[in-house]
Each structure stands twice: as C-alpha cells, then as structure tokens.
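input-v3.csv follows (CSV, C-alpha atoms):
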chain,number,residue,atom,x,y,z
I,1,MET,CA,136.8,13.9,111.3
I,2,VAL,CA,137.6,16.7,109.0
I,3,HIS,CA,141.3,16.2,108.7
I,4,THR,CA,142.9,12.8,109.0
I,5,GLU,CA,146.0,13.4,106.9
I,6,GLY,CA,148.0,15.0,109.7
I,7,GLN,CA,151.5,16.4,109.5
I,8,GLN,CA,153.7,14.5,107.0
I,9,HIS,CA,157.4,15.5,106.7
I,10,PRO,CA,160.4,13.5,105.6
I,11,ILE,CA,162.3,11.6,108.3
I,12,SER,CA,165.6,13.2,107.1
I,13,LEU,CA,164.3,16.5,108.3
I,14,TYR,CA,163.8,15.2,111.8
I,15,LEU,CA,167.2,13.6,111.8
I,16,LYS,CA,168.8,16.9,110.8
I,17,ILE,CA,167.0,18.8,113.5
I,18,TRP,CA,168.0,16.1,116.0
I,19,GLY,CA,171.7,16.5,115.0
I,20,LEU,CA,171.4,20.3,115.2
I,21,LEU,CA,169.9,20.1,118.7
I,22,PHE,CA,172.8,17.9,119.8
I,23,VAL,CA,175.3,20.4,118.4
I,24,LEU,CA,173.6,23.3,120.1
I,25,SER,CA,173.4,21.4,123.4
I,26,THR,CA,177.1,20.7,123.2
I,27,PHE,CA,177.8,24.4,122.6
I,28,SER,CA,175.8,25.4,125.6
I,29,TYR,CA,177.6,22.8,127.7
I,30,LEU,CA,180.9,24.1,126.5
I,31,VAL,CA,180.0,27.6,127.6
I,32,ASP,CA,180.1,26.2,131.2
I,33,TYR,CA,183.1,23.9,130.5
I,34,PHE,CA,185.3,26.8,129.4
I,35,HIS,CA,184.1,29.0,132.2
I,36,PHE,CA,182.9,31.9,130.1
I,37,VAL,CA,181.7,34.7,132.4
I,38,GLY,CA,179.6,37.9,132.4
I,39,TYR,CA,177.7,39.1,129.3
I,40,LEU,CA,179.5,36.7,127.0
I,41,ARG,CA,178.2,33.8,129.0
I,42,TRP,CA,174.7,35.0,129.4
I,43,SER,CA,174.3,36.0,125.8
I,44,LEU,CA,175.6,32.7,124.6
I,45,ILE,CA,173.4,30.7,126.9
I,46,LEU,CA,170.3,32.7,125.8
I,47,THR,CA,171.2,32.4,122.1
I,48,PHE,CA,171.6,28.6,122.2
I,49,MET,CA,168.5,28.3,124.4
I,50,LEU,CA,166.3,30.3,122.1
I,51,LEU,CA,167.6,28.4,119.0
I,52,LYS,CA,166.9,25.1,120.6
I,53,ALA,CA,163.4,26.1,121.8
I,54,GLY,CA,162.6,27.5,118.3
I,55,LEU,CA,163.7,24.3,116.6
I,56,ILE,CA,161.7,22.1,118.9
I,57,VAL,CA,158.5,24.2,118.6
I,58,ALA,CA,158.8,24.9,114.9
I,59,ILE,CA,159.8,21.5,113.6
I,60,PHE,CA,159.2,18.8,116.2
I,61,MET,CA,155.9,20.4,117.3
I,62,HIS,CA,155.0,21.3,113.7
I,63,MET,CA,154.3,24.9,114.5
I,64,ALA,CA,155.9,26.0,111.3
I,65,TRP,CA,153.2,24.4,109.3
I,66,GLU,CA,150.1,25.4,111.4
I,67,ARG,CA,147.8,28.2,110.4
I,68,LEU,CA,148.6,31.6,111.8
I,69,ALA,CA,145.4,31.8,113.9
I,70,MET,CA,146.7,28.8,115.8
I,71,VAL,CA,150.3,29.9,116.0
I,72,TYR,CA,149.4,33.3,117.4
I,73,ALA,CA,146.8,31.9,119.9
I,74,ILE,CA,149.6,29.8,121.4
I,75,LEU,CA,152.7,31.9,121.1
I,76,VAL,CA,151.5,35.4,121.9
I,77,PRO,CA,150.0,34.9,125.4
I,78,PRO,CA,153.3,33.8,126.9
I,79,LEU,CA,154.7,37.2,126.1
I,80,CYS,CA,152.7,38.5,129.1
I,81,LEU,CA,155.2,36.6,131.2
I,82,LEU,CA,157.8,39.1,130.1
I,83,VAL,CA,155.9,41.8,132.0
I,84,LEU,CA,156.0,39.6,135.2
I,85,VAL,CA,159.8,39.0,134.7
I,86,GLY,CA,160.3,42.7,134.2
I,87,LEU,CA,158.3,43.6,137.3
I,88,MET,CA,160.2,41.1,139.5
I,89,ALA,CA,163.6,42.1,138.1
I,90,SER,CA,162.9,45.8,138.7
I,91,GLU,CA,161.9,45.1,142.3
I,92,ALA,CA,165.0,43.0,143.0
I,93,ASP,CA,167.3,45.8,144.0
I,94,TYR,CA,164.9,47.1,146.6
I,95,ILE,CA,164.3,43.7,148.1
I,96,PHE,CA,168.0,43.0,148.2
I,97,LEU,CA,168.7,46.3,150.0
I,98,SER,CA,165.8,45.7,152.5
I,99,ARG,CA,167.3,42.3,153.3
I,100,VAL,CA,170.8,43.7,153.9
I,101,MET,CA,169.3,46.5,156.1
I,102,PHE,CA,167.0,44.4,158.2
I,103,PHE,CA,168.6,40.9,158.3
I,104,GLY,CA,172.2,42.1,158.0
I,105,GLN,CA,174.9,40.0,156.5
I,106,ALA,CA,178.1,38.3,157.3
I,107,VAL,CA,177.9,39.0,161.0
I,108,ALA,CA,176.9,35.7,162.6
I,109,PRO,CA,175.2,35.9,166.0
I,110,GLY,CA,177.7,35.2,168.8
I,111,SER,CA,180.8,36.2,166.8
I,112,PRO,CA,183.0,38.8,168.5
H,113,MET,CA,109.8,15.5,123.2
H,114,ALA,CA,108.1,17.6,120.5
H,115,ALA,CA,108.3,20.7,122.7
H,116,HIS,CA,112.0,20.1,123.3
H,117,SER,CA,112.9,19.8,119.6
H,118,ASP,CA,110.8,22.9,119.0
H,119,LYS,CA,112.8,24.8,121.5
H,120,SER,CA,116.2,23.7,120.3
H,121,GLU,CA,115.3,24.6,116.7
H,122,ASP,CA,114.2,27.9,118.0
H,123,ALA,CA,117.6,28.5,119.5
H,124,LEU,CA,119.3,27.9,116.2
H,125,THR,CA,117.4,30.6,114.3
H,126,PRO,CA,119.1,33.9,114.1
H,127,ALA,CA,116.0,35.7,115.3
H,128,SER,CA,116.3,34.1,118.8
H,129,GLU,CA,119.9,35.3,119.2
H,130,GLU,CA,118.9,38.4,121.1
H,131,ALA,CA,116.2,36.6,123.1
H,132,ALA,CA,118.6,33.9,124.4
H,133,THR,CA,119.8,35.0,127.9
H,134,GLY,CA,121.2,33.4,131.0
H,135,TRP,CA,122.7,30.0,130.7
H,136,HIS,CA,120.9,29.4,127.5
H,137,GLY,CA,122.5,32.5,126.0
H,138,ILE,CA,125.9,31.4,127.1
H,139,ALA,CA,125.5,27.9,125.6
H,140,HIS,CA,124.2,29.4,122.4
H,141,ASP,CA,127.0,31.9,122.0
H,142,TRP,CA,129.7,29.3,122.6
H,143,SER,CA,128.2,26.7,120.4
H,144,SER,CA,127.2,28.7,117.4
H,145,ASP,CA,129.4,26.5,115.2
H,146,LYS,CA,132.2,28.8,114.7
H,147,ASP,CA,135.5,27.2,113.8
H,148,ALA,CA,138.5,29.3,114.8
H,149,PHE,CA,141.2,26.8,114.2
H,150,LYS,CA,140.8,25.6,110.7
H,151,GLN,CA,142.2,22.2,109.9
H,152,VAL,CA,143.3,21.6,113.5
H,153,PRO,CA,141.6,18.7,115.1
H,154,TRP,CA,140.0,19.6,118.5
H,155,GLY,CA,142.2,17.1,120.3
H,156,LYS,CA,145.3,18.9,119.1
H,157,ALA,CA,144.0,22.3,119.8
H,158,MET,CA,143.1,21.3,123.4
H,159,MET,CA,146.5,19.8,123.9
H,160,TRP,CA,148.1,23.1,122.8
H,161,ILE,CA,145.9,25.0,125.2
H,162,PHE,CA,146.9,22.7,128.0
H,163,LEU,CA,150.5,23.2,127.1
H,164,LEU,CA,150.0,26.9,127.1
H,165,SER,CA,148.7,26.7,130.7
H,166,ASP,CA,151.6,24.5,131.6
H,167,THR,CA,153.9,27.2,130.1
H,168,PHE,CA,152.6,29.7,132.6
H,169,ILE,CA,153.1,27.3,135.5
H,170,PHE,CA,156.7,26.6,134.6
H,171,SER,CA,157.4,30.3,133.8
H,172,CYS,CA,156.0,31.3,137.2
H,173,PHE,CA,158.4,28.8,138.9
H,174,LEU,CA,161.3,30.1,136.9
H,175,THR,CA,160.4,33.7,137.5
H,176,GLY,CA,160.2,32.9,141.3
H,177,TYR,CA,163.7,31.3,141.0
H,178,MET,CA,164.9,34.5,139.3
H,179,SER,CA,163.5,36.6,142.0
H,180,VAL,CA,165.1,34.7,144.9
H,181,ARG,CA,168.4,34.5,143.1
H,182,MET,CA,168.5,38.2,142.4
H,183,THR,CA,167.5,39.2,146.0
H,184,THR,CA,169.3,36.7,148.2
H,185,THR,CA,172.1,38.3,150.3
H,186,GLU,CA,174.1,35.0,150.5
H,187,PRO,CA,176.1,33.8,147.5
H,188,TRP,CA,174.3,31.4,145.2
H,189,PRO,CA,175.9,27.9,145.1
H,190,ASN,CA,177.8,27.4,141.8
H,191,PRO,CA,175.8,24.8,139.8
H,192,SER,CA,178.8,23.9,137.8
H,193,GLU,CA,180.4,22.6,141.0
H,194,VAL,CA,177.3,21.3,142.8
H,195,PHE,CA,176.4,19.1,139.8
H,196,ALA,CA,180.0,18.0,139.0
H,197,LEU,CA,180.8,14.3,139.1
H,198,THR,CA,184.1,12.4,139.4
H,199,ILE,CA,184.2,9.7,136.8
H,200,ALA,CA,187.3,7.5,136.6
H,201,GLY,CA,189.3,10.0,138.6
H,202,GLN,CA,188.3,12.8,136.3
H,203,HIS,CA,186.4,15.8,137.9
H,204,ILE,CA,183.9,16.8,135.2
H,205,PRO,CA,181.5,19.7,135.8
H,206,LEU,CA,177.8,19.3,135.1
H,207,ILE,CA,178.3,16.0,133.3
H,208,LEU,CA,175.2,14.2,134.5
H,209,ILE,CA,173.0,17.2,133.5
H,210,ALA,CA,174.6,17.2,130.0
H,211,ILE,CA,173.9,13.4,129.6
H,212,MET,CA,170.3,14.0,130.8
H,213,THR,CA,170.0,16.7,128.2
H,214,PHE,CA,171.2,14.5,125.4
H,215,VAL,CA,168.9,11.6,126.5
H,216,LEU,CA,165.9,13.9,126.5
H,217,ILE,CA,166.7,15.4,123.1
H,218,SER,CA,167.2,11.9,121.7
H,219,SER,CA,163.8,10.9,123.0
H,220,SER,CA,162.3,13.9,121.2
H,221,GLY,CA,163.9,12.8,118.0
H,222,THR,CA,162.5,9.3,118.2
H,223,MET,CA,159.1,10.7,119.1
H,224,ALA,CA,159.1,12.9,116.0
H,225,MET,CA,159.8,9.9,113.9
H,226,ALA,CA,157.1,7.9,115.6
H,227,VAL,CA,154.5,10.5,114.6
H,228,ASN,CA,155.7,10.1,111.0
H,229,TYR,CA,155.4,6.4,110.9
H,230,ALA,CA,152.1,6.5,112.7
H,231,TYR,CA,150.6,8.6,109.8
H,232,ARG,CA,152.0,6.0,107.4
H,233,ARG,CA,150.2,3.4,109.5
H,234,GLU,CA,153.4,1.4,110.1
H,235,ARG,CA,152.3,0.2,113.5
H,236,GLY,CA,155.4,-1.9,114.4
H,237,LYS,CA,157.8,0.9,113.8
H,238,THR,CA,155.6,3.5,115.6
H,239,THR,CA,155.3,1.3,118.7
H,240,ALA,CA,159.0,0.6,118.7
H,241,LEU,CA,159.9,4.3,118.4
H,242,MET,CA,157.4,5.3,121.1
H,243,LEU,CA,158.7,2.7,123.5
H,244,ALA,CA,162.2,3.9,122.8
H,245,THR,CA,161.0,7.4,123.7
H,246,ALA,CA,159.4,6.2,126.9
H,247,LEU,CA,162.6,4.3,127.7
H,248,CYS,CA,164.7,7.4,127.3
H,249,GLY,CA,162.2,9.2,129.5
H,250,ALA,CA,162.6,6.5,132.2
H,251,ALA,CA,166.4,6.8,131.9
H,252,PHE,CA,166.1,10.5,132.4
H,253,VAL,CA,164.0,10.2,135.5
H,254,SER,CA,166.4,7.6,136.9
H,255,MET,CA,169.3,9.9,136.5
H,256,GLN,CA,167.3,12.7,138.1
H,257,ALA,CA,166.6,10.3,141.1
H,258,PHE,CA,170.3,9.7,141.3
H,259,GLU,CA,171.0,13.4,141.3
H,260,TRP,CA,168.4,14.1,144.0
H,261,SER,CA,169.8,11.4,146.2
H,262,LYS,CA,173.3,12.7,145.8
H,263,LEU,CA,172.3,16.3,146.7
H,264,ILE,CA,170.2,15.1,149.7
H,265,ALA,CA,173.2,13.1,150.9
H,266,GLU,CA,175.3,16.2,150.7
H,267,GLY,CA,172.8,18.0,152.9
H,268,VAL,CA,170.8,20.0,150.4
H,269,ARG,CA,167.3,20.6,151.8
H,270,PRO,CA,164.4,22.8,150.7
H,271,TRP,CA,165.2,25.1,153.7
H,272,GLY,CA,168.9,25.2,153.5
H,273,ASN,CA,172.2,23.8,152.3
H,274,PRO,CA,175.9,23.9,153.2
H,275,MET,CA,177.0,25.6,150.0
H,276,GLY,CA,175.2,29.0,150.2
H,277,ALA,CA,171.8,30.6,149.7
H,278,ALA,CA,169.1,28.7,151.4
H,279,GLN,CA,166.7,29.2,148.5
H,280,PHE,CA,168.8,27.0,146.3
H,281,GLY,CA,167.3,23.8,147.6
H,282,ALA,CA,163.7,25.1,147.5
H,283,THR,CA,163.9,26.2,143.8
H,284,PHE,CA,165.9,23.1,142.8
H,285,PHE,CA,163.6,20.6,144.3
H,286,MET,CA,160.4,22.4,143.1
H,287,ILE,CA,161.5,23.1,139.5
H,288,THR,CA,163.2,19.8,138.7
H,289,GLY,CA,160.7,17.9,140.7
H,290,PHE,CA,157.8,19.3,138.8
H,291,HIS,CA,159.6,18.7,135.5
H,292,GLY,CA,160.4,15.1,136.6
H,293,LEU,CA,156.8,14.6,137.4
H,294,HIS,CA,155.9,15.7,133.8
H,295,VAL,CA,158.5,13.3,132.4
H,296,SER,CA,157.1,10.4,134.5
H,297,VAL,CA,153.5,11.1,133.5
H,298,GLY,CA,154.7,11.3,129.9
H,299,VAL,CA,156.4,7.9,130.1
H,300,ILE,CA,153.1,6.4,131.3
H,301,TYR,CA,151.1,8.3,128.7
H,302,LEU,CA,153.4,7.2,125.8
H,303,SER,CA,153.5,3.6,126.9
H,304,ILE,CA,149.7,3.4,126.9
H,305,VAL,CA,149.4,5.0,123.5
H,306,ALA,CA,152.1,2.8,122.1
H,307,MET,CA,150.3,-0.3,123.4
H,308,LYS,CA,147.1,0.8,121.8
H,309,VAL,CA,148.8,1.5,118.5
H,310,LEU,CA,150.3,-2.0,118.6
H,311,ARG,CA,147.0,-3.6,119.4
H,312,GLY,CA,145.5,-1.8,116.4
H,313,ASP,CA,142.9,0.3,118.3
H,314,TYR,CA,143.2,3.1,115.7
H,315,GLU,CA,143.0,0.9,112.6
H,316,ARG,CA,139.2,1.1,112.3
H,317,SER,CA,139.2,4.9,112.1
H,318,GLY,CA,142.6,5.1,110.5
H,319,ASN,CA,143.1,8.2,112.6
H,320,TYR,CA,146.6,8.3,114.1
H,321,GLN,CA,146.4,11.9,115.4
H,322,ILE,CA,146.6,10.6,118.9
H,323,VAL,CA,150.3,9.9,118.3
H,324,GLU,CA,150.9,13.4,117.2
H,325,ILE,CA,149.0,14.8,120.2
H,326,ALA,CA,151.0,12.6,122.6
H,327,GLY,CA,154.1,13.8,120.8
H,328,LEU,CA,153.2,17.4,121.4
H,329,TYR,CA,153.2,16.7,125.1
H,330,TRP,CA,156.5,14.9,125.0
H,331,HIS,CA,158.2,17.7,123.0
H,332,PHE,CA,156.9,20.2,125.5
H,333,VAL,CA,158.6,18.3,128.3
H,334,ASP,CA,161.9,18.5,126.3
H,335,LEU,CA,161.2,22.2,125.6
H,336,VAL,CA,160.8,23.0,129.3
H,337,TRP,CA,164.1,21.2,130.0
H,338,VAL,CA,165.8,23.5,127.5
H,339,PHE,CA,164.8,26.5,129.7
H,340,ILE,CA,165.6,24.8,133.0
H,341,PHE,CA,169.0,23.7,131.7
H,342,ALA,CA,169.8,27.3,130.6
H,343,PHE,CA,168.5,29.2,133.6
H,344,PHE,CA,169.1,26.8,136.5
H,345,TYR,CA,172.2,24.8,135.6
H,346,LEU,CA,174.2,27.1,133.3
H,347,TRP,CA,173.4,30.6,134.5

What does the file become when written as structure tokens?
Amino acid sequence: MVHTEGQQHPISLYLKIWGLLFVLSTFSYLVDYFHFVGYLRWSLILTFMLLKAGLIVAIFMHMAWERLAMVYAILVPPLCLLVLVGLMASEADYIFLSRVMFFGQAVAPGSP
Amino acid sequence: MAAHSDKSEDALTPASEEAATGWHGIAHDWSSDKDAFKQVPWGKAMMWIFLLSDTFIFSCFLTGYMSVRMTTTEPWPNPSEVFALTIAGQHIPLILIAIMTFVLISSSGTMAMAVNYAYRRERGKTTALMLATALCGAAFVSMQAFEWSKLIAEGVRPWGNPMGAAQFGATFFMITGFHGLHVSVGVIYLSIVAMKVLRGDYERSGNYQIVEIAGLYWHFVDLVWVFIFAFFYLW
C-alpha cells in the first residue's frame, strides 16, 4: 500500500462543520415555516442547499484535500446533468400545453 | 510455462506495443501501469466512481420529478401541508422531515469523527462512533417508514392521491424509497465494518482506509438527502 496515512484533520473542524450544517438546515426549514414565496423562496432554498452540499463534499468527504486530477474526475461529469435539466425544462411548456389541449382540465366527465 | 513467461515479457516491452491487438491489446493498454490518481488508494477511487454513477441515478430521478411537476395540469400537493404533523395540539409543518434531516446530519458528523479515530487506531471510539452513525441511520429509516404509512393511510398511491397531481405519489415513493434503500444498505455496511474494526481485523495491516471509504458512502447518502429535502419537500 502506497499511502496508509489517510486524511487527518482535527476533530474540532468536524464539529464546526456539523454545527454549521445544523444552522443551515434550520435556515432552510425556516424558509418554509415563514412561508416565503416566489424567487425569494427559491433562491434561499438553492443557496442553503448548495452551501450544505459544498460543506459535506469538501470537508466531510475530504474533497478539499484531494489532488485536482481526482477532484475534476468526480465533480465535472455531473455538470452534464445540467444539460438534461435544461432540455427537460425547455420542453415543459410544450408538454403542458399539449396536455391542456388533449386531456382538457377542470371539466370532469358527467358534469353539466 | 517458459513459453508463457516469454510471451508476457514480450508484452511489456515497448516494441510490442504496436503489435498487440485484439483482447491482448486492450489488456495491455489498460494495464500499462499508469497511475492517474496519485496518492489515492484504489478502494477510495472506486468508491468515488461508484458514487459518481449513483449521482447520475438520483439526478435522473430528480430531473424526472422536475419534468412531471412542471408539466402536470393539476395542482401539485403542497408538501408543507402534506408532511405536517400535529404534536401536542400544535400543527407544525414539515416537522418530521426537519427532524429526519437533523438526524442524518448528526450521523454524518459522527461518521467524520469515526474516520479520524480510525486513523489514530483508537478502535473502541471508532466502533462506538460508527455504531452511533448506524443507529442514526436506522432511526432515519424508521421515521421514513412512519411517514410512508401515514401517507398510504391518507390514500396516497403511486398512481394517484386525494390532494392533487397524480404524479406526486409516483415521484415521492420512488425518490424517497430509493434513498431509504441506500440508508438501509449503509446501516448494514457500517455495522459490518464497525464489527470488523472492533475485532481488530485491520490491526495487522494497520490500514484503516476502509473506514474512510465506508464514510464516503455514508456522507453521500446525507448529500443526496440535502437535494431531496430542497427540491421535493421545500420547493
């Protein structure tokens, strides 16, 4: 085995991140609790989500201390998924309109 | 035997590189002793690659959820109301999901500390922290089972529900079910590794990377929950 040292970081760092994740989760829960709506809601949810995900990957999963070859091999491929999300989102209007046109809405069969 | 060793020696010399074709050539090209991930043990690299593939699976589920939510003509049930609980006469929105989130984050915290103690070769503390992690995971799955039973009792099915868009049940059961399966597998995986640490299986080699690798899987389960929490429950 070439490398048996492994990742060694002080426990206090993990405890701080743990606390930070608790705070961020509380914030994202409060977004729902206070009934924020529209762009404010969505931007807050996304911000807290990305911060939490970043902390977990960087500190708990030790990505911050890995070599760049490894970091890029793992973190770049998921960006392809943004293309899929973009395609699906741009098709959504068309599918929605087709459903309204062909399946109708609100008029239940048998109603006068 | 002599002919065989001749042949393999032949394959190692640079001159034969062009000559090697077919399966032999493939094996040669893939095993030419190139080390892309410096200072990363193969077990860890393979776990990362597995997690990368799992990322794609969960992302496809979440993208599918996005598609049906954007295209459904019926109103989407309000998750804040659907997952509300009445505790001691108080109607609290989304409370069970919030508790599940905190439990899973706590389990990630204990797991990160377990990795640290494993590298210091403090077997008792490592095992205790890993079992605490597994216990949190089991608690998470139990709460999820409670949530599922509650929704099923309220008439939510994969093909329809009384609150609105029919796709709600399909996406809910598929996404949380697949995540819950990951948590359950993680609980078993962590328990096995914890027992092996306690028994001293890794003392001879002194190599405790297995704990970090198991930890990667566990943190990933937590990571996926972050996205499910944001997109499914809060959006």

- Output as number ranges by chain the set of chain I residues within 8 Å of chain H, with distances taken over all atoms listed in the file. I: 1-11, 14-15, 18, 21-22, 25, 29, 32-33, 41-42, 45-46, 49, 52-53, 56-57, 60-61, 67, 69-70, 74, 78, 81, 84-85, 88-89, 92-93, 95-96, 99-100, 105

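CA of Ile287 in chain H is found 19.9 Å from CA of Pro274 in chain H.
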
- Within 6 Å of (146.8, 1.6, 113.3), in the coordinates the file gives, what residues turn up when you count all atoms listed in the file, written out as a PyMOL selection string? chain H and resi 233+235+309+312+314-315

- CA of Tyr301 in chain H and CA of Ala251 in chain H are how many Å apart? 15.7 Å

- Take the point (161.9, 6.3, 131.7) as written in the file and pick out every residue within 9 Å of it, counting all atoms listed in the file; give the list as number ranges by chain. H: 245-254, 295-296, 298-300

- Counting all atoms listed in the file, closest pick from H:Ile322, H:Val297, H:Ile304, H:Asn273 relative to Pro189 in chain H is H:Asn273

- Query: For the atom pair CA of Val23 in chain I and CA of Leu82 in chain I, what is the interatomic distance in Å to one decimal place?
  - Reply: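 Separating CA of Val23 in chain I from CA of Leu82 in chain I is a distance of 28.2 Å.
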
- Nearest to Phe173 in chain H among H:Trp271, H:Trp135, H:Phe284, H:Phe258, with distances taken over all atoms listed in the file: which residue is it?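 Among the listed residues, the smallest separation from Phe173 in chain H belongs to H:Phe284.
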